[in-house]
file protein_21.csv (CSV, C-alpha atoms (C1' of nucleotides))
chain,number,residue,atom,x,y,z
R,1,MET,CA,8.0,-9.5,2.8
R,2,PRO,CA,10.7,-7.7,0.9
R,3,GLU,CA,9.5,-5.4,-1.9
R,4,LEU,CA,11.7,-3.2,-4.0
R,5,PRO,CA,12.7,-0.8,-1.2
R,6,GLU,CA,13.7,-3.6,1.0
R,7,VAL,CA,15.7,-5.3,-1.8
R,8,GLU,CA,17.5,-2.0,-2.4
R,9,THR,CA,18.3,-1.7,1.3
R,10,VAL,CA,19.7,-5.3,1.3
R,11,ARG,CA,21.7,-4.5,-1.8
R,12,THR,CA,23.3,-1.4,-0.3
R,13,ILE,CA,24.2,-3.1,2.9
R,14,LEU,CA,25.5,-6.3,1.3
R,15,LYS,CA,27.5,-4.3,-1.2
R,16,SER,CA,29.3,-2.5,1.6
R,17,GLN,CA,30.0,-5.7,3.5
R,18,ILE,CA,31.0,-8.4,1.0
R,19,VAL,CA,32.2,-6.8,-2.3
R,20,GLY,CA,35.8,-7.9,-2.9
R,21,LYS,CA,35.5,-11.2,-1.0
R,22,THR,CA,36.2,-14.5,-2.8
R,23,ILE,CA,34.0,-17.5,-2.4
R,24,LYS,CA,35.8,-20.6,-1.1
R,25,ASP,CA,32.9,-23.0,-1.2
R,26,VAL,CA,29.1,-23.2,-1.3
R,27,LEU,CA,26.8,-25.4,0.7
R,28,ILE,CA,23.4,-26.2,-0.6
R,29,ARG,CA,21.0,-27.3,2.2
R,30,TYR,CA,17.8,-27.0,0.2
R,31,GLY,CA,18.3,-27.1,-3.6
R,32,LYS,CA,15.0,-26.1,-5.1
R,33,ILE,CA,16.0,-22.4,-4.6
R,34,ILE,CA,18.3,-22.8,-7.6
R,35,LYS,CA,16.5,-22.7,-10.8
R,36,ASN,CA,18.6,-22.8,-14.0
R,37,VAL,CA,21.6,-24.9,-13.2
R,38,THR,CA,22.3,-28.1,-11.3
R,39,GLU,CA,23.4,-27.9,-7.6
R,40,GLN,CA,26.7,-29.3,-8.7
R,41,ASN,CA,27.3,-26.6,-11.3
R,42,PHE,CA,26.1,-23.9,-9.0
R,43,VAL,CA,28.8,-24.8,-6.5
R,44,THR,CA,31.5,-25.4,-9.1
R,45,LEU,CA,30.9,-22.2,-11.0
R,46,LEU,CA,30.9,-20.1,-7.9
R,47,ARG,CA,34.0,-21.6,-6.3
R,48,ASN,CA,37.0,-19.2,-6.3
R,49,GLU,CA,34.9,-16.4,-7.8
R,50,ARG,CA,35.5,-12.9,-6.4
R,51,LEU,CA,32.5,-10.6,-6.0
R,52,ILE,CA,32.9,-7.5,-8.0
R,53,ASP,CA,29.6,-5.6,-7.5
R,54,ILE,CA,26.0,-6.1,-6.4
R,55,GLY,CA,23.3,-4.5,-8.6
R,56,ARG,CA,19.5,-4.7,-8.7
R,57,LYS,CA,16.8,-4.8,-11.3
R,58,GLY,CA,13.2,-4.7,-10.0
R,59,LYS,CA,13.3,-7.1,-7.1
R,60,TYR,CA,16.2,-9.1,-8.3
R,61,LEU,CA,19.6,-8.8,-6.7
R,62,ILE,CA,22.4,-9.1,-9.2
R,63,PHE,CA,25.7,-10.5,-7.8
R,64,ILE,CA,28.4,-9.8,-10.3
R,65,PHE,CA,31.5,-12.0,-10.0
R,66,GLU,CA,34.6,-12.0,-12.2
R,67,ASN,CA,33.3,-14.8,-14.5
R,68,VAL,CA,29.7,-15.5,-13.5
R,69,ILE,CA,26.6,-13.6,-12.4
R,70,MET,CA,24.2,-14.8,-9.8
R,71,LEU,CA,20.6,-13.5,-9.5
R,72,SER,CA,18.7,-13.8,-6.3
R,73,HIS,CA,15.0,-13.1,-5.7
R,74,LEU,CA,13.9,-12.9,-2.0
R,75,ARG,CA,10.2,-13.5,-2.8
R,76,MET,CA,8.3,-13.5,0.5
R,77,GLU,CA,10.7,-13.9,3.3
R,78,GLY,CA,14.2,-14.4,1.9
R,79,LYS,CA,17.0,-12.6,3.7
R,80,TYR,CA,20.8,-12.7,3.9
R,81,LEU,CA,22.7,-13.1,7.1
R,82,LEU,CA,26.5,-12.7,7.7
R,83,LYS,CA,27.8,-15.2,10.1
R,84,SER,CA,31.0,-17.2,10.8
R,85,ALA,CA,31.0,-20.9,11.8
R,86,GLU,CA,27.8,-20.9,13.8
R,87,PRO,CA,25.3,-23.7,13.9
R,88,TYR,CA,22.8,-23.6,11.0
R,89,SER,CA,19.3,-22.5,11.8
R,90,LYS,CA,16.4,-24.4,10.3
R,91,HIS,CA,15.8,-22.1,7.4
R,92,GLU,CA,19.3,-21.3,6.2
R,93,HIS,CA,19.3,-22.9,2.8
R,94,ILE,CA,22.3,-21.7,0.9
R,95,VAL,CA,25.7,-20.9,2.5
R,96,PHE,CA,28.5,-19.0,0.7
R,97,PHE,CA,31.8,-19.5,2.4
R,98,PHE,CA,34.3,-16.6,1.8
R,99,SER,CA,38.0,-17.1,2.0
R,100,ASP,CA,38.2,-14.8,5.1
R,101,GLY,CA,36.0,-17.1,7.2
R,102,ILE,CA,32.8,-15.0,6.8
R,103,GLU,CA,29.7,-16.8,5.7
R,104,LEU,CA,26.8,-15.3,3.7
R,105,ARG,CA,23.7,-17.3,4.5
R,106,TYR,CA,20.5,-17.3,2.6
R,107,HIS,CA,17.6,-17.7,5.0
R,108,ASP,CA,14.1,-18.3,3.7
R,109,THR,CA,11.2,-19.6,5.8
R,110,ARG,CA,8.9,-20.1,2.9
R,111,LYS,CA,11.5,-21.5,0.5
R,112,PHE,CA,9.9,-19.3,-2.2
R,113,GLY,CA,13.1,-17.5,-3.1
R,114,THR,CA,14.9,-18.2,-6.3
R,115,MET,CA,18.5,-18.1,-7.5
R,116,TYR,CA,19.9,-18.2,-11.0
R,117,LEU,CA,23.5,-18.5,-12.2
R,118,PHE,CA,24.8,-17.5,-15.6
R,119,GLU,CA,28.2,-18.1,-17.1
R,120,THR,CA,28.7,-14.5,-18.1
R,121,ALA,CA,30.1,-11.5,-16.3
R,122,ASP,CA,28.6,-9.0,-18.7
R,123,PRO,CA,26.0,-6.9,-16.9
R,124,VAL,CA,24.5,-5.8,-20.2
R,125,ARG,CA,24.0,-9.3,-21.5
R,126,ILE,CA,22.4,-10.5,-18.3
R,127,MET,CA,19.6,-7.9,-18.8
R,128,GLN,CA,18.7,-9.7,-22.0
R,129,LEU,CA,18.2,-13.1,-20.4
R,130,THR,CA,15.3,-14.5,-18.5
R,131,PRO,CA,14.3,-13.6,-15.9
R,132,LEU,CA,15.7,-10.0,-16.1
R,133,ASN,CA,14.4,-9.4,-19.6
R,134,ARG,CA,10.9,-9.6,-18.2
R,135,VAL,CA,11.4,-6.8,-15.7
R,136,GLY,CA,9.8,-3.6,-16.8
R,137,LEU,CA,10.6,0.0,-16.0
R,138,GLU,CA,10.8,1.0,-12.3
R,139,PRO,CA,8.6,3.9,-11.1
R,140,PHE,CA,11.7,6.0,-10.7
R,141,ASP,CA,12.8,5.5,-14.2
R,142,GLU,CA,12.4,8.8,-16.1
R,143,LEU,CA,11.3,6.8,-19.1
R,144,LEU,CA,8.2,5.7,-17.2
R,145,THR,CA,5.9,8.5,-18.3
R,146,PRO,CA,2.1,8.7,-18.5
R,147,GLU,CA,2.5,8.5,-22.3
R,148,TYR,CA,4.6,5.3,-22.1
R,149,VAL,CA,2.1,3.6,-19.7
R,150,THR,CA,-0.8,4.6,-21.8
R,151,SER,CA,0.8,3.1,-24.9
R,152,ARG,CA,1.4,-0.1,-23.1
R,153,ILE,CA,-2.1,-0.5,-21.7
R,154,SER,CA,-4.2,0.8,-24.5
R,155,LYS,CA,-5.3,-2.7,-25.6
R,156,LEU,CA,-5.4,-4.3,-22.2
R,157,ASN,CA,-8.7,-5.4,-20.6
R,158,ARG,CA,-7.8,-5.9,-16.9
R,159,SER,CA,-8.0,-4.2,-13.5
R,160,ILE,CA,-5.5,-1.5,-12.5
R,161,LYS,CA,-4.6,-3.6,-9.5
R,162,SER,CA,-3.4,-6.5,-11.8
R,163,LEU,CA,-1.5,-4.0,-13.9
R,164,LEU,CA,0.4,-2.6,-11.0
R,165,LEU,CA,1.3,-6.1,-10.0
R,166,ASP,CA,2.5,-7.0,-13.5
R,167,GLN,CA,6.3,-6.6,-13.2
R,168,THR,CA,6.7,-6.6,-17.0
R,169,ILE,CA,5.2,-3.2,-17.3
R,170,ILE,CA,6.0,-1.4,-14.1
R,171,SER,CA,8.5,-3.2,-11.8
R,172,GLY,CA,8.8,-2.9,-8.1
R,173,LEU,CA,5.3,-2.7,-6.7
R,174,GLY,CA,4.1,-5.7,-4.8
R,175,ASN,CA,0.7,-6.5,-3.4
R,176,ILE,CA,1.0,-4.3,-0.4
R,177,TYR,CA,2.4,-1.3,-2.1
R,178,ALA,CA,-0.1,-1.6,-5.0
R,179,ASP,CA,-2.9,-1.2,-2.4
R,180,GLU,CA,-1.2,1.8,-0.9
R,181,VAL,CA,-0.7,3.5,-4.3
R,182,LEU,CA,-4.4,3.0,-5.3
R,183,PHE,CA,-5.5,4.4,-1.9
R,184,LEU,CA,-3.4,7.5,-2.3
R,185,SER,CA,-4.6,7.8,-5.9
R,186,LYS,CA,-8.3,7.5,-4.8
R,187,ILE,CA,-8.8,4.8,-7.5
R,188,HIS,CA,-10.8,1.6,-6.9
R,189,PRO,CA,-8.5,-1.4,-7.5
R,190,ALA,CA,-11.0,-3.1,-9.8
R,191,THR,CA,-11.1,-0.2,-12.2
R,192,ASN,CA,-10.5,-1.3,-15.8
R,193,VAL,CA,-7.3,0.2,-17.1
R,194,LYS,CA,-9.1,1.0,-20.4
R,195,ILE,CA,-11.1,3.8,-18.8
R,196,LEU,CA,-8.3,5.4,-16.9
R,197,SER,CA,-7.5,9.0,-18.0
R,198,LYS,CA,-4.0,10.2,-18.6
R,199,GLU,CA,-4.4,12.3,-15.4
R,200,ASN,CA,-5.2,9.1,-13.5
R,201,ILE,CA,-2.1,7.4,-14.9
R,202,LYS,CA,0.0,10.5,-14.0
R,203,VAL,CA,-1.3,10.4,-10.4
R,204,LEU,CA,-0.7,6.6,-10.2
R,205,ILE,CA,2.9,7.1,-11.3
R,206,GLU,CA,3.5,9.9,-8.9
R,207,ASN,CA,2.1,8.0,-6.0
R,208,SER,CA,4.1,4.9,-6.9
R,209,ARG,CA,7.2,7.1,-6.6
R,210,ALA,CA,6.0,8.5,-3.3
R,211,VAL,CA,5.2,5.2,-1.7
R,212,LEU,CA,8.5,3.6,-2.8
R,213,SER,CA,10.7,6.5,-1.8
R,214,LYS,CA,9.0,6.8,1.5
R,215,ALA,CA,9.6,3.1,2.0
R,216,ILE,CA,13.2,3.3,0.9
R,217,ALA,CA,13.8,6.1,3.4
R,218,TYR,CA,12.0,4.2,6.1
R,219,GLY,CA,13.7,0.9,5.4
R,220,GLY,CA,17.1,2.6,5.4
R,221,THR,CA,16.5,4.1,8.9
R,222,THR,CA,15.3,0.9,10.5
R,223,VAL,CA,17.8,-1.7,9.4
R,224,ARG,CA,19.9,-2.6,12.3
R,225,SER,CA,23.6,-1.9,12.2
R,226,PHE,CA,25.0,-4.7,10.2
R,227,LYS,CA,27.3,-6.7,12.3
R,228,ALA,CA,28.2,-10.3,12.1
R,229,SER,CA,24.9,-11.9,12.8
R,230,ASP,CA,22.5,-9.1,12.2
R,231,GLU,CA,19.8,-9.7,9.6
R,232,VAL,CA,19.5,-7.6,6.6
R,233,SER,CA,15.9,-6.7,6.0
R,234,GLY,CA,13.8,-3.6,6.0
R,235,ARG,CA,10.6,-2.9,7.9
R,236,PHE,CA,7.8,-1.1,6.2
R,237,GLN,CA,4.6,-2.2,7.8
R,238,ASN,CA,4.4,0.8,10.1
R,239,PHE,CA,3.4,3.4,7.7
R,240,LEU,CA,0.7,1.5,5.8
R,241,LEU,CA,-2.5,3.4,5.3
R,242,VAL,CA,-4.9,0.7,3.9
R,243,HIS,CA,-3.3,-2.7,3.5
R,244,THR,CA,-4.4,-5.0,6.3
R,245,LYS,CA,-6.0,-2.1,8.0
R,246,ASP,CA,-9.5,-2.2,9.6
R,247,LYS,CA,-10.5,1.5,9.2
R,248,CYS,CA,-9.8,4.2,6.7
R,249,PRO,CA,-7.3,6.7,8.1
R,250,VAL,CA,-9.1,9.4,6.1
R,251,CYS,CA,-12.8,8.9,6.6
R,252,ASN,CA,-12.8,6.2,9.3
R,253,GLN,CA,-15.1,3.9,7.3
R,254,VAL,CA,-14.5,0.1,7.5
R,255,ILE,CA,-11.8,-1.0,5.0
R,256,SER,CA,-13.1,-3.6,2.4
R,257,LYS,CA,-11.1,-6.7,1.5
R,258,ILE,CA,-11.7,-8.5,-1.8
R,259,ARG,CA,-9.7,-10.9,-4.0
R,260,LEU,CA,-8.3,-9.5,-7.1
R,261,SER,CA,-5.9,-11.2,-9.5
R,262,GLY,CA,-5.6,-13.9,-6.8
R,263,ARG,CA,-4.4,-11.4,-4.2
R,264,GLY,CA,-5.9,-10.0,-1.1
R,265,THR,CA,-6.9,-6.5,-1.9
R,266,TYR,CA,-7.7,-3.8,0.7
R,267,PHE,CA,-9.4,-0.5,-0.2
R,268,CYS,CA,-11.8,2.1,1.1
R,269,GLU,CA,-15.2,2.0,-0.7
R,270,ASN,CA,-15.8,5.6,0.3
R,271,CYS,CA,-12.5,7.1,-0.7
R,272,GLN,CA,-11.9,4.9,-3.8
R,273,LYS,CA,-15.0,5.2,-5.9
R,274,ARG,CA,-15.5,2.8,-8.8
R,275,LEU,CA,-15.2,4.6,-12.1
R,276,ASP,CA,-16.7,1.6,-14.0
R,277,ILE,CA,-17.9,-1.9,-13.7
R,278,THR,CA,-14.9,-4.1,-14.5
R,279,ASN,CA,-15.9,-7.2,-16.4
R,280,THR,CA,-12.6,-9.0,-15.6
R,281,PRO,CA,-11.8,-8.5,-12.0
S,282,DA,C1',-1.7,-15.6,-31.6
S,283,DG,C1',-1.9,-12.7,-28.1
S,284,DT,C1',-3.8,-11.9,-23.5
S,285,DT,C1',-5.4,-13.4,-19.0
S,286,DT,C1',-6.1,-16.6,-15.5
S,287,DG,C1',-4.8,-20.2,-12.2
S,288,DA,C1',-1.8,-23.9,-10.2
S,289,DC,C1',2.3,-24.2,-8.1
S,290,DC,C1',6.0,-23.8,-4.6
S,291,DC,C1',6.1,-23.8,1.2
S,292,DG,C1',5.3,-23.4,6.2
S,293,DG,C1',3.5,-20.1,9.7
S,294,DA,C1',-0.8,-18.4,11.4
S,295,DC,C1',-5.2,-19.1,12.4
S,296,DG,C1',-9.8,-21.2,13.2
S,297,DC,C1',-12.6,-24.9,14.6
I,298,DT,C1',-3.6,-30.7,20.5
I,299,DG,C1',-4.5,-31.6,15.9
I,300,DC,C1',-6.0,-30.9,11.5
I,301,DG,C1',-7.5,-28.1,7.5
I,302,DT,C1',-7.4,-23.8,5.2
I,303,DC,C1',-5.4,-19.6,3.8
I,304,DC,C1',-1.8,-16.6,2.0
I,305,DG,C1',1.5,-14.8,-1.6
I,306,DG,C1',5.7,-13.3,-6.2
I,307,DG,C1',6.8,-14.8,-10.1
I,308,DT,C1',6.8,-18.6,-13.6
I,309,DC,C1',4.7,-21.4,-16.6
I,310,DA,C1',0.9,-23.9,-18.5
I,311,DA,C1',-3.8,-23.7,-19.5
I,312,DA,C1',-7.7,-21.3,-20.8
I,313,DC,C1',-9.9,-17.6,-23.0

call {"tool": "encode", "arguments": {"input": "protein_21.csv", "output": "structure tokens"}}
result
Amino acid sequence: MPELPEVETVRTILKSQIVGKTIKDVLIRYGKIIKNVTEQNFVTLLRNERLIDIGRKGKYLIFIFENVIMLSHLRMEGKYLLKSAEPYSKHEHIVFFFSDGIELRYHDTRKFGTMYLFETADPVRIMQLTPLNRVGLEPFDELLTPEYVTSRISKLNRSIKSLLLDQTIISGLGNIYADEVLFLSKIHPATNVKILSKENIKVLIENSRAVLSKAIAYGGTTVRSFKASDEVSGRFQNFLLVHTKDKCPVCNQVISKIRLSGRGTYFCENCQKRLDITNTP
DNA sequence: AGTTTGACCCGGACGC
DNA sequence: TGCGTCCGGGTCAAAC
């Protein structure tokens, strides 16, 4: 389940391995991954393109070629593998053949991942197009201040959990990390954002940074050395405090699980007191 | 008209 | 073993 730290790990490793390579051909084994162009155009436009750089915005990987830009979102279980002429496994859906014989394979058990291809090589322009234009500030962005967040949420009537999951305001926190941030902040996930103090917001931002940087550091240390067939994906489950846990690591009380914004939400009723009664959970 | 919710995509895991 | 249900990130349509 890649979240922002895992995506950043994948970006770093892929960048060191495949920037400079030229695509010879593309094989599409499952086409619904590709969202904004036909399979035919996807292949044609990528053929003979040399990879210049790999960037990232939120959880989107940005593959910058000489004439086109490809976006890739890993969603739940997407991952990239580097192989050469081995039999395809069941869940390898898109294969990029480089001119040196190396193959970049997109593997996705759930088939939830998405790819977009744009006929521009301008990294600035791509930020103005859907879906990247919907990606909000990352927690590490210095522009993400308590004042900014407060201004964005002043008229909203929703739970803090749903706000943390809303990528258009703060990008990078997924369901798991949102629970962790709220636990560290001692804030009940159903708390209405309207009644949060500026100090609450400040603490939430600080803990978002703490959780993500810890995960980035952790993901970076656990990714296996990246050889031909190694998979590129981070591991982060091991340091979780509340998500999918049975007992609170602080007070040992049983962890509660509820549904909020359609997502499984774990929290400690003892450590995360409700500040209000939210009317729209 | 802007904000919020819910269906959808998919297959592994799990329960009966 | 088999079948039904659950789960989830982001998008889009529907509902508020």

call {"tool": "closest_atom_pairs", "arguments": {"input": "protein_21.csv", "of": "chain R", "to": "chain I", "cutoff": "9 Å", "atoms": "all atoms listed in the file", "output": "tab-separated table"}}
result
residue	atom	partner	partner_atom	distance
R:Arg75	CA	I:DG306	C1'	5.6
R:Met76	CA	I:DG306	C1'	7.2
R:Phe112	CA	I:DG306	C1'	8.3
R:Gln167	CA	I:DG307	C1'	8.8
R:Gly174	CA	I:DG306	C1'	7.9
R:Asn175	CA	I:DG305	C1'	8.5
R:Gly262	CA	I:DG305	C1'	8.8
R:Arg263	CA	I:DG305	C1'	7.3
R:Gly264	CA	I:DC304	C1'	8.4

call {"tool": "interface_residues", "arguments": {"input": "protein_21.csv", "of": "chain R", "to": "chain S", "cutoff": "9 Å", "atoms": "only C-alpha atoms (C1' of nucleotides)", "output": "ChimeraX atom specification"}}
result
/R:109-112,156-158,261-262

call {"tool": "atom_distance", "arguments": {"input": "protein_21.csv", "atom1": "atom CA of R:Thr12", "atom2": "atom CA of R:Gly55"}}
result
8.9 Å

call {"tool": "closest_residue", "arguments": {"input": "protein_21.csv", "among": "R:Gln253, R:Asn200, R:Glu206, R:Val211", "to": "R:Leu275", "atoms": "only C-alpha atoms"}}
result
R:Asn200

call {"tool": "closest_residue", "arguments": {"input": "protein_21.csv", "among": "R:Ile18, R:Leu117, R:Leu137, R:Met70", "to": "R:Gly101", "atoms": "all atoms listed in the file"}}
result
R:Ile18

call {"tool": "residues_near_point", "arguments": {"input": "protein_21.csv", "point": "(32.0, -14.1, 1.7)", "cutoff": "12 Å", "atoms": "only C-alpha atoms (C1' of nucleotides)", "output": "MDAnalysis selection string"}}
result
chainID R and resid 14:26 46:52 63 65 80:84 95:106 228

call {"tool": "residues_around", "arguments": {"input": "protein_21.csv", "residues": "stretch 145-154 of chain R", "least_positions_apart": "5", "cutoff": "8 Å", "atoms": "all atoms listed in the file", "output": "list in words"}}
result
Ile169, Val193, Lys194, Lys198, Ile201, Lys202 and Ile205 of chain R

call {"tool": "atom_distance", "arguments": {"input": "protein_21.csv", "atom1": "atom CA of R:Lys257", "atom2": "atom CA of R:Phe183"}}
result
12.9 Å

call {"tool": "atom_distance", "arguments": {"input": "protein_21.csv", "atom1": "atom CA of R:Asn36", "atom2": "atom CA of R:Ser72"}}
result
11.8 Å
